[in-house]
Structure formats: C-alpha cells, structure tokens
$ cat upload-v8.tsv   # TSV, C-alpha atoms
chain	number	residue	atom	x	y	z
A	693	MET	CA	-3.79	15.64	-31.53
A	694	HIS	CA	-3.58	13.84	-34.89
A	695	LEU	CA	-6.08	11.00	-34.82
A	696	LEU	CA	-4.15	8.98	-37.43
A	697	LEU	CA	-0.95	9.27	-35.42
A	698	GLN	CA	-2.69	8.32	-32.18
A	699	ASN	CA	-4.29	5.27	-33.80
A	700	LEU	CA	-0.96	4.22	-35.28
A	701	VAL	CA	0.80	4.51	-31.96
A	702	ILE	CA	-1.79	2.55	-30.04
A	703	ARG	CA	-2.23	-0.09	-32.78
A	704	ASN	CA	1.50	-0.78	-33.07
A	705	TYR	CA	1.88	-0.74	-29.32
A	706	PHE	CA	-0.61	-3.54	-28.80
A	707	VAL	CA	0.61	-5.56	-31.81
A	708	ILE	CA	4.10	-5.73	-30.33
A	709	LEU	CA	2.74	-6.64	-26.89
A	710	GLN	CA	-0.06	-8.98	-27.97
A	711	ALA	CA	1.64	-11.97	-26.35
A	712	MET	CA	1.80	-10.01	-23.12
A	713	LYS	CA	-1.59	-8.25	-23.05
A	714	LYS	CA	-2.61	-9.54	-19.63
A	715	LEU	CA	0.76	-8.57	-18.17
A	716	LEU	CA	-0.15	-4.89	-18.29
A	717	LEU	CA	-2.19	-5.57	-15.16
A	718	VAL	CA	0.98	-6.51	-13.31
A	719	GLN	CA	2.45	-3.18	-14.38
A	720	LEU	CA	-0.46	-1.35	-12.74
A	721	LEU	CA	-0.22	-3.35	-9.55
A	722	LEU	CA	3.41	-2.40	-9.12
A	723	MET	CA	3.48	1.13	-10.47
A	724	PHE	CA	3.75	2.71	-7.04
A	725	THR	CA	4.76	-0.29	-4.91
A	726	THR	CA	6.75	0.99	-1.94
A	727	VAL	CA	8.75	-1.93	-0.66
A	728	LEU	CA	12.45	-2.68	-1.00
A	729	CYS	CA	13.82	-5.67	-2.89
A	730	ALA	CA	15.48	-6.67	0.36
A	731	GLN	CA	13.08	-7.27	3.25
A	732	PRO	CA	11.99	-3.80	4.42
A	733	VAL	CA	12.64	-2.69	7.98
A	734	THR	CA	9.01	-1.71	8.42
A	735	ASP	CA	5.90	-0.81	6.49
A	736	PRO	CA	5.58	2.92	5.74
A	737	ARG	CA	1.86	2.60	5.03
A	738	SER	CA	0.43	1.24	8.24
A	739	LEU	CA	-0.49	2.23	11.77
A	740	LYS	CA	2.31	1.20	14.12
A	741	PHE	CA	2.59	0.14	17.77
A	742	MET	CA	6.06	0.84	19.13
A	743	GLY	CA	7.32	0.77	15.55
A	744	ILE	CA	5.54	-2.54	14.81
A	745	PRO	CA	2.93	-2.47	12.01
A	746	LEU	CA	-0.50	-3.39	13.37
A	747	GLU	CA	-1.64	-5.41	10.39
A	748	GLY	CA	-1.60	-8.82	8.85
A	749	SER	CA	-1.89	-12.16	10.60
A	750	ILE	CA	-1.72	-12.53	14.36
A	751	ASP	CA	1.03	-15.11	13.91
A	752	SER	CA	3.24	-12.58	12.15
A	753	LEU	CA	2.43	-9.88	14.74
A	754	ASN	CA	3.07	-12.33	17.57
A	755	THR	CA	6.59	-12.94	16.25
A	756	ARG	CA	7.34	-9.22	16.08
A	757	LEU	CA	5.91	-8.59	19.55
A	758	THR	CA	8.08	-11.39	20.94
A	759	GLU	CA	11.11	-9.77	19.30
A	760	ALA	CA	10.14	-6.55	21.13
A	761	ASP	CA	10.05	-8.44	24.48
A	762	PHE	CA	6.26	-8.67	24.77
A	763	ALA	CA	5.27	-12.04	26.25
A	764	GLU	CA	1.92	-13.66	25.48
A	765	TRP	CA	0.15	-14.89	28.62
A	766	GLY	CA	-3.34	-15.84	27.44
A	767	ARG	CA	-6.09	-15.94	24.85
A	768	SER	CA	-9.85	-15.58	24.99
A	769	ASP	CA	-12.00	-18.68	24.62
A	770	ASP	CA	-13.47	-17.46	21.31
A	771	GLY	CA	-10.01	-16.90	19.85
A	772	GLU	CA	-10.60	-13.21	19.17
A	773	ASP	CA	-8.33	-11.70	21.83
A	774	PHE	CA	-4.63	-12.20	22.59
A	775	TYR	CA	-3.07	-10.92	25.83
A	776	TYR	CA	0.53	-9.76	26.29
A	777	ARG	CA	2.75	-8.15	28.90
A	778	GLY	CA	5.71	-5.95	28.14
A	779	LYS	CA	7.13	-2.44	28.40
A	780	PHE	CA	5.35	0.49	26.77
A	781	TYR	CA	7.89	3.28	26.33
A	782	GLY	CA	9.90	1.74	29.16
A	783	ILE	CA	7.01	1.18	31.61
A	784	ARG	CA	5.35	-2.18	32.21
A	785	ALA	CA	1.95	-2.50	30.58
A	786	LYS	CA	-0.69	-4.96	29.39
A	787	LEU	CA	-1.55	-5.33	25.71
A	788	LEU	CA	-4.76	-6.73	24.22
A	789	VAL	CA	-4.81	-7.51	20.50
A	790	SER	CA	-8.14	-8.32	18.83
A	791	ILE	CA	-8.37	-10.18	15.54
A	792	SER	CA	-10.92	-11.36	13.00
A	793	THR	CA	-11.52	-15.05	13.59
A	794	LYS	CA	-12.33	-15.42	9.89
A	795	THR	CA	-9.05	-14.05	8.51
A	796	ARG	CA	-6.91	-14.06	11.70
A	797	PHE	CA	-5.88	-10.53	10.72
A	798	VAL	CA	-5.31	-7.87	13.38
A	799	GLU	CA	-8.27	-5.51	13.93
A	800	SER	CA	-7.31	-3.40	16.97
A	801	ALA	CA	-5.04	-3.16	20.00
A	802	TYR	CA	-5.38	-1.81	23.55
A	803	ILE	CA	-2.47	-0.94	25.80
A	804	THR	CA	-3.27	-0.47	29.50
A	805	ILE	CA	-0.90	1.01	32.09
A	806	GLY	CA	-1.80	1.08	35.74
A	807	PRO	CA	-3.56	1.07	38.08
A	808	TYR	CA	-2.43	4.36	39.61
A	809	GLY	CA	-3.53	5.07	43.16
A	810	THR	CA	-2.14	8.59	43.35
A	811	LYS	CA	-3.21	11.53	41.20
A	812	SER	CA	0.30	12.97	40.89
A	813	LEU	CA	1.87	9.80	39.48
A	814	PHE	CA	-1.07	9.26	37.13
A	815	GLU	CA	-0.86	12.78	35.72
A	816	LYS	CA	2.92	12.60	35.42
A	817	ASN	CA	2.82	9.37	33.41
A	818	PHE	CA	-0.17	10.51	31.38
A	819	GLN	CA	1.82	13.51	30.17
A	820	TYR	CA	4.87	11.31	29.60
A	821	PHE	CA	2.97	8.90	27.34
A	822	LEU	CA	1.27	11.74	25.48
A	823	TYR	CA	4.69	13.25	24.85
A	824	LYS	CA	6.10	9.94	23.58
A	825	LEU	CA	3.11	9.31	21.33
A	826	GLN	CA	3.35	12.78	19.81
A	827	GLN	CA	7.02	12.18	19.14
A	828	ASP	CA	6.12	9.07	17.16
A	829	TYR	CA	2.95	10.22	15.40
A	830	GLY	CA	2.64	13.98	15.51
A	831	ALA	CA	0.19	16.33	17.20
A	832	PHE	CA	-2.79	14.88	19.09
A	833	THR	CA	-6.12	16.69	19.41
A	834	LYS	CA	-8.06	16.78	22.69
A	835	ARG	CA	-11.75	15.96	22.49
A	836	ASP	CA	-14.18	14.72	25.18
A	837	ASP	CA	-11.45	14.23	27.79
A	838	ALA	CA	-9.36	12.09	25.44
A	839	TRP	CA	-6.50	12.71	23.01
A	840	TYR	CA	-6.74	11.65	19.36
A	841	TYR	CA	-4.47	11.17	16.38
A	842	MET	CA	-5.60	10.13	12.90
A	843	ASP	CA	-3.96	9.64	9.52
A	844	ASP	CA	-4.60	7.68	6.32
A	845	PHE	CA	-3.67	4.40	7.99
A	846	GLY	CA	-5.60	4.48	11.26
A	847	SER	CA	-6.17	6.29	14.55
A	848	VAL	CA	-4.81	6.39	18.10
A	849	LYS	CA	-6.85	7.37	21.16
A	850	MET	CA	-5.35	8.02	24.61
A	851	SER	CA	-7.68	8.26	27.61
A	852	GLU	CA	-8.07	7.52	31.31
A	853	VAL	CA	-10.24	4.81	32.83
A	854	ALA	CA	-11.62	5.02	36.37
A	855	ASN	CA	-11.64	1.75	38.33
A	856	GLU	CA	-14.17	0.77	41.01
A	857	ASN	CA	-11.57	1.04	43.79
A	858	GLY	CA	-10.81	4.66	42.92
A	859	SER	CA	-7.60	4.00	41.02
A	860	ARG	CA	-7.12	4.98	37.41
A	861	ASP	CA	-5.61	3.38	34.31
A	862	ILE	CA	-4.09	4.94	31.22
A	863	ARG	CA	-5.37	3.33	28.06
A	864	VAL	CA	-4.19	3.76	24.47
A	865	PHE	CA	-6.41	2.36	21.73
A	866	TYR	CA	-5.00	1.62	18.27
A	867	TYR	CA	-7.40	1.20	15.37
A	868	PRO	CA	-5.73	0.42	12.01
A	869	THR	CA	-7.81	1.18	8.92
A	870	ALA	CA	-5.37	0.64	6.04
A	871	PRO	CA	-5.97	-2.58	4.11
A	872	PHE	CA	-3.36	-5.27	4.63
A	873	TYR	CA	-2.86	-6.00	0.94
A	874	LYS	CA	-1.21	-2.99	-0.67
A	875	ASP	CA	-2.42	-3.45	-4.24
A	876	VAL	CA	-4.33	-0.17	-3.88
A	877	PHE	CA	-1.25	1.70	-2.65
A	878	ALA	CA	0.88	-0.06	-5.27
A	879	MET	CA	-1.07	1.79	-7.94
A	880	GLY	CA	-0.59	5.17	-6.27
A	881	LEU	CA	-4.15	5.27	-4.96
A	882	HIS	CA	-5.45	6.66	-1.68
A	883	GLY	CA	-8.41	5.69	0.45
A	884	PRO	CA	-10.73	2.65	0.34
A	885	VAL	CA	-10.89	2.33	-3.43
A	886	GLN	CA	-13.51	-0.11	-4.72
A	887	GLU	CA	-13.68	0.44	-8.47
A	888	ILE	CA	-12.03	2.54	-11.18
A	889	VAL	CA	-13.28	3.21	-14.70
A	890	THR	CA	-10.72	4.96	-16.96
A	891	GLU	CA	-11.50	6.75	-20.20
A	892	ASN	CA	-8.70	6.51	-22.81
A	893	ALA	CA	-6.78	3.96	-20.78
A	894	VAL	CA	-3.26	3.48	-22.18
A	895	ALA	CA	-1.21	0.47	-21.03
A	896	GLU	CA	-3.79	-0.28	-18.36
A	897	ASP	CA	-7.17	-1.89	-17.89
A	898	GLN	CA	-10.25	0.26	-18.37
A	899	PHE	CA	-12.01	-1.39	-15.41
A	900	LEU	CA	-10.38	-2.24	-12.06
A	901	ARG	CA	-12.01	-3.50	-8.87
A	902	PHE	CA	-10.60	-4.06	-5.37
A	903	LEU	CA	-11.73	-6.08	-2.37
A	904	GLN	CA	-12.05	-4.31	0.99
A	905	ASP	CA	-8.77	-5.87	2.14
A	906	GLY	CA	-6.99	-3.97	-0.64
A	907	LYS	CA	-6.42	-6.92	-2.98
A	908	LEU	CA	-7.09	-6.46	-6.69
A	909	GLU	CA	-9.78	-8.73	-8.07
A	910	ASN	CA	-8.21	-10.64	-10.95
A	911	PRO	CA	-8.37	-14.42	-11.32
A	912	ASP	CA	-5.74	-14.35	-14.09
A	913	LEU	CA	-3.04	-13.01	-11.79
A	914	VAL	CA	-1.80	-16.21	-10.12
A	915	ASN	CA	0.96	-17.33	-7.78
A	916	ARG	CA	0.96	-13.98	-6.02
A	917	GLU	CA	3.67	-13.64	-3.40
A	918	TYR	CA	3.11	-10.92	-0.80
A	919	ASP	CA	5.65	-10.03	1.85
A	920	ARG	CA	4.71	-9.86	5.53
A	921	TYR	CA	3.53	-6.27	5.11
A	922	GLY	CA	1.10	-7.10	2.30
A	923	TYR	CA	3.09	-5.83	-0.69
A	924	LEU	CA	3.09	-7.87	-3.87
A	925	ARG	CA	6.64	-9.09	-4.49
A	926	ARG	CA	6.17	-11.53	-7.36
A	927	ALA	CA	3.40	-12.71	-9.63
A	928	ARG	CA	2.91	-15.00	-12.58
A	929	MET	CA	0.59	-14.61	-15.55
A	930	THR	CA	-0.30	-17.68	-17.59
A	931	GLU	CA	0.14	-16.97	-21.31
A	932	LYS	CA	-0.58	-18.81	-24.55
A	933	GLU	CA	3.15	-19.41	-24.72
A	934	GLY	CA	4.24	-20.47	-21.24
A	935	HIS	CA	4.19	-17.84	-18.51
A	936	SER	CA	5.81	-14.54	-17.59
A	937	ASP	CA	7.87	-13.67	-14.50
A	938	VAL	CA	8.51	-10.22	-13.07
A	939	GLU	CA	11.42	-8.74	-11.08
A	940	TYR	CA	11.35	-5.39	-9.27
A	941	THR	CA	13.88	-2.80	-8.12
A	942	TYR	CA	12.99	-0.12	-5.52
A	943	ASP	CA	14.67	2.96	-4.08
A	944	SER	CA	15.25	3.82	-0.43
A	945	ARG	CA	11.84	5.52	-0.23
A	946	TYR	CA	10.00	2.32	-1.13
A	947	ARG	CA	9.21	3.51	-4.66
A	948	LEU	CA	9.36	1.28	-7.69
A	949	VAL	CA	12.13	2.50	-10.02
A	950	LYS	CA	12.53	-0.48	-12.34
A	951	ARG	CA	10.44	-3.48	-13.33
A	952	THR	CA	11.69	-6.27	-15.57
A	953	LEU	CA	9.24	-8.73	-17.09
A	954	THR	CA	10.47	-11.84	-18.88
A	955	ASN	CA	8.56	-14.27	-21.06
A	956	ASN	CA	11.06	-16.95	-22.09
A	957	ALA	CA	8.62	-18.81	-24.34
A	958	ALA	CA	7.87	-15.63	-26.34
A	959	ASN	CA	11.52	-14.49	-26.16
A	960	ILE	CA	10.49	-11.06	-24.90
A	961	ARG	CA	11.96	-8.93	-22.12
A	962	TYR	CA	10.00	-5.86	-21.08
A	963	VAL	CA	11.58	-3.15	-18.87
A	964	ASN	CA	9.85	-0.20	-17.19
A	965	GLU	CA	11.66	2.61	-15.38
A	966	TYR	CA	9.95	5.35	-13.34
A	967	THR	CA	10.65	8.85	-12.02
A	968	TYR	CA	8.67	10.73	-9.35
A	969	ASN	CA	7.74	14.21	-8.20
A	970	ASP	CA	7.98	15.55	-4.63
A	971	GLU	CA	4.53	14.09	-3.81
A	972	ASP	CA	5.73	10.60	-4.80
A	973	GLU	CA	3.50	10.63	-7.86
A	974	ILE	CA	4.88	9.00	-10.98
A	975	MET	CA	5.80	11.72	-13.44
A	976	SER	CA	7.42	9.74	-16.24
A	977	GLU	CA	7.66	6.16	-17.36
A	978	ASN	CA	10.16	4.72	-19.83
A	979	GLN	CA	9.17	1.39	-21.41
A	980	LYS	CA	11.49	-0.74	-23.52
A	981	VAL	CA	10.93	-4.06	-25.26
A	982	TYR	CA	13.87	-6.35	-26.08
A	983	ASP	CA	13.88	-9.33	-28.41
A	984	LYS	CA	15.66	-12.67	-27.93
A	985	THR	CA	18.98	-11.21	-29.08
A	986	GLY	CA	18.82	-8.45	-26.47
A	987	ALA	CA	18.16	-5.75	-29.05
A	988	CYS	CA	15.69	-3.00	-28.16
A	989	VAL	CA	12.83	-3.13	-30.68
A	990	MET	CA	10.48	-0.55	-29.15
A	991	THR	CA	10.47	2.31	-26.65
A	992	ILE	CA	7.54	4.26	-25.21
A	993	ASN	CA	8.08	7.30	-23.02
A	994	MET	CA	5.09	8.64	-21.08
A	995	HIS	CA	4.85	11.86	-19.09
A	996	ASN	CA	1.91	12.62	-16.78
A	997	ALA	CA	0.47	16.07	-16.11
A	998	TYR	CA	-2.29	15.58	-13.54
A	999	LEU	CA	-5.10	18.09	-13.99
A	1000	THR	CA	-7.72	17.33	-11.32
A	1001	ARG	CA	-8.01	15.21	-8.18
A	1002	ASP	CA	-10.85	14.04	-5.94
A	1003	ASP	CA	-11.21	14.50	-2.18
A	1004	TYR	CA	-8.91	11.55	-1.49
A	1005	GLY	CA	-6.18	13.04	-3.65
A	1006	ASN	CA	-6.57	10.54	-6.48
A	1007	TRP	CA	-6.29	12.02	-9.97
A	1008	THR	CA	-9.47	12.20	-12.02
A	1009	SER	CA	-8.02	13.73	-15.19
A	1010	ASN	CA	-4.55	13.53	-16.67
A	1011	SER	CA	-2.81	14.83	-19.77
A	1012	LEU	CA	-0.58	11.99	-20.92
A	1013	THR	CA	2.18	12.84	-23.40
A	1014	LEU	CA	3.40	9.75	-25.21
A	1015	SER	CA	6.54	9.41	-27.36
A	1016	TYR	CA	6.79	6.22	-29.40
A	1017	TRP	CA	9.61	4.56	-31.33
A	1018	GLU	CA	9.59	1.18	-33.05
A	1019	GLU	CA	12.56	-0.42	-34.79
A	1020	GLY	CA	12.68	0.72	-38.40
A	1021	SER	CA	10.41	3.73	-37.92
A	1022	GLN	CA	10.58	7.40	-36.98
A	1023	SER	CA	9.89	8.55	-33.41
A	1024	GLN	CA	6.36	9.92	-33.00
A	1025	GLN	CA	4.52	11.81	-30.26
A	1026	THR	CA	0.91	12.30	-29.22
A	1027	THR	CA	-1.09	13.52	-26.22
A	1028	VAL	CA	-4.01	11.66	-24.67
A	1029	LEU	CA	-6.51	13.18	-22.22
A	1030	GLN	CA	-7.45	10.58	-19.63
A	1031	LYS	CA	-10.40	10.73	-17.25
A	1032	ARG	CA	-11.48	8.30	-14.58
A	1033	VAL	CA	-14.34	7.75	-12.16
A	1034	ILE	CA	-13.48	6.21	-8.78
A	1035	GLU	CA	-15.89	4.58	-6.33
A	1036	TYR	CA	-14.97	3.89	-2.70
A	1037	TRP	CA	-15.93	1.37	-0.05
A	1038	GLU	CA	-17.85	2.92	2.83
A	1039	GLU	CA	-15.50	3.39	5.79

$ encode --input "upload-v8.tsv" --output "structure tokens"
Amino acid sequence: MHLLLQNLVIRNYFVILQAMKKLLLVQLLLMFTTVLCAQPVTDPRSLKFMGIPLEGSIDSLNTRLTEADFAEWGRSDDGEDFYYRGKFYGIRAKLLVSISTKTRFVESAYITIGPYGTKSLFEKNFQYFLYKLQQDYGAFTKRDDAWYYMDDFGSVKMSEVANENGSRDIRVFYYPTAPFYKDVFAMGLHGPVQEIVTENAVAEDQFLRFLQDGKLENPDLVNREYDRYGYLRRARMTEKEGHSDVEYTYDSRYRLVKRTLTNNAANIRYVNEYTYNDEDEIMSENQKVYDKTGACVMTINMHNAYLTRDDYGNWTSNSLTLSYWEEGSQSQQTTVLQKRVIEYWEE
C-alpha cells in the first residue's frame, strides 16, 4: 500500500463530502436493510406466530391478529396480558400475549389447545401440531418431555400440561429475542450487538453503540421513520446548509441495492449501489457524487474480502480494496486492512 496514495484518497474523499460528513451514519444504518420500498408482506428477521411477526407494539399485533380471525376477549388488570380466541392450524385455541407495560412491545405468547379427556385424541393432535410447526420452522429437538426450536430470532417450545381433573392441554410457547428496531440487522450485524470499534474505518464511524432494542444511539439522526416491522425507512440529518433526505431501493430478498441521498441546499446528490454474495453479505459498493448540474464529480468503488469472523458470524477483519476517481484526475486504487472489536449485550 502506498501511504501517499492512501492519504490522498482519504483526504480528497472527505473534502468532497465535508458538507455531508454526518450522513455517512445513515449509509451504515441502511447498508444491509432488508425491507422493500413497498410495504413488505412480512418481516424476515423475526419469530412468527402463524406467519405473524411477534414483535413491536401490541396495537400493531392486535390488528394483525384480528386480520387472522383471532378475537380479543379480555385483558389482565395490570395491562401485561392480552387474551384471544381463534384457530391454531385449523383447531380452536386460546392465545395469551404478554407485553412490557413500559414499551407496550410484545414479549411472549402462549397458545393453548384443549382440554383433551382422551389419550388417543391428545396424542393425535399433539403429533399434528408438531408436524405443522416443523413445516413452518424446521426440525424440533426433544428435551425433558418437550419439543424445542431455536434460531437467531427466538424460540418455540411445545409441551403438554396436566390439569387437575385428569385432562391434558397442548401448549406452545413463543419467545421472541430479536430486537424490534432493525438498525443492527440493517448494518449486516448478527446477535445482540452493543458496541463496535473499527480500526481504519472508511466511510463509517469509528465508534458505534446500540440500545438493547436494536436502535442505534445517535442524537443527530432525527425524524426517523420506522415501518411496522422496525426497519428504518427514512431519516433526516440536520446540516449547516439545510438538511439531507434519503431514498432507498430494495430487491425481492429485502436487501438494499440503491440509496439516494439529496442535499438541496448544498446541491449534492449522493448515490450508493450494492452487490451481495450468497450469504447476503455486501461484497461491493459503488458510490457516486453528482453536482447541481447532474454531472458525476466523484466515484468510489469498494470491494470487501472478509478475513475473520467472531462466534456470531460478524466480521472482525476485512481487506477493503478501494478505487477512487475525482473529476479532473486519474483513477487510483489502494487497499485498507480493517479490524474491529465488537461487544454484545448479555442475552
């Protein structure tokens, strides 16, 4: 790596984007956002109940349960539990949804089917529900007379409950663990990320910190608009010259493929386009800056070669190849070795 070339690239890069320095944070937030420009059908990064994401506010979940023909029939006095009746894979059942009274976000859900007075009918339906659950989630593991499923977004437990009169119930417990706000996922991160420190950060902040609900801590990022699944759709950054607005384009797999940032006061339009590998990791990024006439005045092409990852699958070292062109100059290339340390919230 030629140090003079690297310094020239980075210096010119930040001179051109000085009016937009804080907007690089928006780029990070949306690098791996996985939501369609049109309202998505569902959230691919959440634990689901009958196809309904178990996350967000109880009001939003209540609407979706009503659409699925679940009727609310009561609430607990402390406001923590909501009771519903409906059909669970075609069979009438009772649903209990528990929430946090502080945030009114969903914390867990119980589905109860029964009581069954005969062993044969109980065992028949138990196997039926296990079959349906495995169709939706994948293989369950038996442990301590119960069946379990777990992924990055939560867990499902299916078990039997003995009643005092000798009958038995089938109970399925849903415990979502993915944060509602998807700022962590939007940056291609996995697990309960709390803080990231990056060495040789290029076009990103050296220090990042997240709340336990998945939201990025940043008082400068205002007017955030999240959709009902917790994905950031729009944001505004206050600048010395007015403000900047961002528009996003996504593919059918909920991956960000184009981001357009406009600062009318500074007469700058900034466009990022992304490509991905089979693991949905960003492999290349093409950045272009346009002036008020619509002419491209700078391009930066970056290609990632991830070298190491931690136990959560987040990269800890990366070889970043950067090609740079500025109007009136020759194209130049350099390679930057990036390293980062990631701390996690205790689960």

$ closest_residue --input "upload-v8.tsv" --among "A:Leu1014, A:Ala997, A:Ile744, A:Leu913" --to "Thr758 of chain A" --atoms "all atoms listed in the file"
A:Ile744

$ residues_near_point --input "upload-v8.tsv" --point "(-9.1, -11.2, 16.4)" --cutoff "9 Å" --atoms "only C-alpha atoms" --output "PDB file with C-alpha atoms, keeping the file's coordinate frame"
ATOM      1  CA  ILE A 750      -1.720 -12.530  14.360  1.00  0.00           C
ATOM      2  CA  GLY A 771     -10.010 -16.900  19.850  1.00  0.00           C
ATOM      3  CA  GLU A 772     -10.600 -13.210  19.170  1.00  0.00           C
ATOM      4  CA  ASP A 773      -8.330 -11.700  21.830  1.00  0.00           C
ATOM      5  CA  PHE A 774      -4.630 -12.200  22.590  1.00  0.00           C
ATOM      6  CA  VAL A 789      -4.810  -7.510  20.500  1.00  0.00           C
ATOM      7  CA  SER A 790      -8.140  -8.320  18.830  1.00  0.00           C
ATOM      8  CA  ILE A 791      -8.370 -10.180  15.540  1.00  0.00           C
ATOM      9  CA  SER A 792     -10.920 -11.360  13.000  1.00  0.00           C
ATOM     10  CA  THR A 793     -11.520 -15.050  13.590  1.00  0.00           C
ATOM     11  CA  LYS A 794     -12.330 -15.420   9.890  1.00  0.00           C
ATOM     12  CA  THR A 795      -9.050 -14.050   8.510  1.00  0.00           C
ATOM     13  CA  ARG A 796      -6.910 -14.060  11.700  1.00  0.00           C
ATOM     14  CA  PHE A 797      -5.880 -10.530  10.720  1.00  0.00           C
ATOM     15  CA  VAL A 798      -5.310  -7.870  13.380  1.00  0.00           C
ATOM     16  CA  GLU A 799      -8.270  -5.510  13.930  1.00  0.00           C
ATOM     17  CA  SER A 800      -7.310  -3.400  16.970  1.00  0.00           C
TER      18      SER A 800
END

$ atom_distance --input "upload-v8.tsv" --atom1 "atom CA of Asp1003 of chain A" --atom2 "atom CA of Gly883 of chain A"
9.6 Å

$ closest_residue --input "upload-v8.tsv" --among "A:His935, A:Arg767, A:Lys950, A:Arg1001" --to "His882 of chain A" --atoms "only C-alpha atoms"
A:Arg1001

$ residues_near_point --input "upload-v8.tsv" --point "(-6.0, -6.0, 0.9)" --cutoff "9 Å" --atoms "only C-alpha atoms" --output "PyMOL selection string"
chain A and resi 870-876+902-908+922
